[in-house]
Amino acid sequence: MSTLLYRIGKTAYERPWYFIGAWLLVIATIIGFLLANPVRLSNEIRIDGTPAQAVIDELSQKLPDASGGQGIIAFAAPDGRRIDDGANLRALEKAVDGIYSSAHVVDARKVMAAELAKGQDSALLQAAGAIAQAHAGAPAAADAPIPLAVDGQPVPGVVISPDHTVALFQFQFDKQTFELPDGTVHATIATAQKAVGQRDIAVLPSQTMLQVPELFGIGEVIGLLLAALVLLITLGSVVAAGLPLITALAGVAVGVGGAFALSTVIPMHSLTAMLAVMLGLAVGIDYALFIVNRQRRFILDQRLPARDATARAIGTSGSAVLFAGTTVMIALLALTVVGVQLLTTMAIAAAATVALAVLCALTLLPALLGVVGERICSPRARLTAGGAQDSGSAHRIASAWAGAVTRHRYLAAGAAIVITGLIALPALGMSLGLPSGASYNADTPQRQSYDTVAAGFGAGYNGPLVVVATDPQGHKIAPDELVGLDQDLGRLHGVRAVSIGGTDGTGSTAVFTVIPDSGPNDPATASVVRAIRDHSPGYADRWNVDVGVTGFAALAIDVSERLSSVLPLYIVVVIGLSLIVLLLVFRSIIVPIKATVGFLLSVLATFGATTAVFQWGWLQGLLGMDATAPVLSLLPIIITGVLYGLAMDYEVFLVSSMKEAHVHGHHGRESVVYGFTIASRVVVAAAIIMTSVFAGFAFNSDPMIKQVGFALAIGVLLDAFVVRITLVPAVMAIFGDTAWRLPRWLDRILPDLDIEGDKLARRLRSERESEQQTADAMRGSSRPDSAR
């Protein structure tokens, strides 16, 4: 493998514009395609095979008009004034009329007029009338919302809070939010703002109206600038520091651009694109850093010309990059065994971006190095190479750290285990869920809408449940059966209000809205969902209808249970596959086991830190956050896969250096210290770069992206500095040369992948010796006979 990569690196260096031109052509093609075809990203979390998703799919077939995206806007009057009186009421009417008249908004007034035109033939009116008659005479609750009426006529979708200060307007788009043309949601909100602007009425759209989060903001830019600064400090020149950034951006342009192109055909979740951007930037910079650093070592330490140093760097560090990237891709692609379409798409997009990062590092980077030539190292760096200045404080610090850790190896290993174990403790109380409006920071419209609705109407109005009743024979459901179901639902503990929302054309399917007492992520709301499901057989017996429930809380329950059930299988698959890869790479049994145990410590500590910050609210002020929320249901399985792959990156780069030292004659603790001293500087720089990139995404306004960015940042930080920099050298010193032993029968059947490049080095040395012998022979043969 190292010989093949050596040839690729040499060819790319000698013919750089062929490789650069090919990459530019691919990027230009993708950009041209995206300019002609708009990107379609979604915020919909769809988990096929779950009860809540089945209800949504059934509803979209039987009531297609009710299956579009939901719009919710809260209107809050200033200074506690009434929203339903005088000029404020007229402004509210104007806003409602403007929204109902907007493009892609279903006008409920026309729907109601059509039902009224049917008269006694309207199944919806019959059901609503029967339910209203059953409730006639019952006193209205003091905290019940007040339907808005103008000139004695009800305004569909609008209710007023009991204190008359807030209006809640719920309406429907004719398509899912992510399917709407660009700017549709923004234009709808702008219409409402224009209508009430002169009255200083706050227009607060809920999180359901958020189309696609900002993919690259100020936090991400700062993270990238920090990465550039670390590159500059590590490599010591602007030219050298710029190359990893260029190759990483090129890989992201092709990988994420390709994913965007695919989204024009297959709807893609915004988190998929964001994860691909995160990983593409992080690993793209790191992989290029490893190779450029190795090339500079060949130039400065061995005085090789840039051409030969580049080819050697691709042949040696390129091999480690290839297998590190392979490990990341294996961990990501193993997500496909879970059988969840969302995770499958996410895994394929992220793995493809990592593959392109590897390809960029092995082909585009040497081509760029060919353009830069000998300028990759400054004259000053060449003059100080090999001297005291060149060794620098970094090597002295690394050597001192490795010496201390290996001397006190049992204490160091124990400390690393205790630290990660303590940080992991909050994970015992981790609860999973989906982000609601309460998950956003207080200065966002989504959070302000959530708080306003909760204060004016009750927390349950932020997460209504949808109950669908269907006649199993396809017959029209009798009004008295709907009345009975309505009353049964209203008697459930934790239910605040029940209302019928619509029926299909034949009356065989009816939709109820159930408002719980508690918020969407409250355990009490989950209890209401389970109670409806537990009572559904009884409803079928009494009212001859099949009952299903969906909505935010129902989806959160189903997603969490589905992903929790497959997480153990996923961990087993990832660990099994990666143990095989590491066994092939290091030809050792102890090293793969040690690497896997270290990863488990890292991922558990990551879960604990994420729970403490996001669920418990610890240290949120320091991180610019002010919202507590359950841990994202998708997070454990995503972080397990991604962090495993990234952790193995550092394992490969650090331990391969120790193995190289062992192969070249260093033994026991000496090989650990020597290998650590050589590799730790670039590993630490790579970890800081990756942490900076991920941390930038932790300041994104979207709660899902925020949690993923934070978890990856803290996970890389813990894995690099507690596990790889502390635990790994301590454990390697404990086992000494035993760590590299392999049973003879296994040694015979395993292929030698030679990621250290020893075979390449021997071949190049043999070629040089052969060339030297040939030159000596030619000089000897050219002497005159008298000189012999």
# chains A, B, ... in the order shown; residues from 1 in each chain; ligands from 1
>>> residues_around(residues="Gly617 in chain A", least_positions_apart="4", cutoff="10 Å", atoms="only C-alpha atoms", output="list in words")
Thr610, Thr611, Ala612, Val613, Gly621, Met625, Asp626, Ala627, Thr628 and Ala629 of chain A
>>> residues_around(residues="range 43-60 of chain A", least_positions_apart="4", cutoff="7 Å", atoms="only C-alpha atoms", output="ChimeraX atom specification")
/A:64,67,211-212,269-270,340,342,548-550,554-555,558-559
>>> closest_residue(among="A:Leu300, A:Ile160, A:Ala413, A:Ala22", to="Ala144 in chain A", atoms="only C-alpha atoms")
A:Ile160
>>> closest_residue(among="A:Ala240, A:Val203, A:Leu422, A:Val708", to="Ala288 in chain A", atoms="only C-alpha atoms")
A:Ala240
>>> residues_around(residues="Gln448 in chain A", least_positions_apart="2", cutoff="10 Å", atoms="only C-alpha atoms", output="PyMOL selection string")
chain A and resi 74+202-206+437-438+440-446+450-454
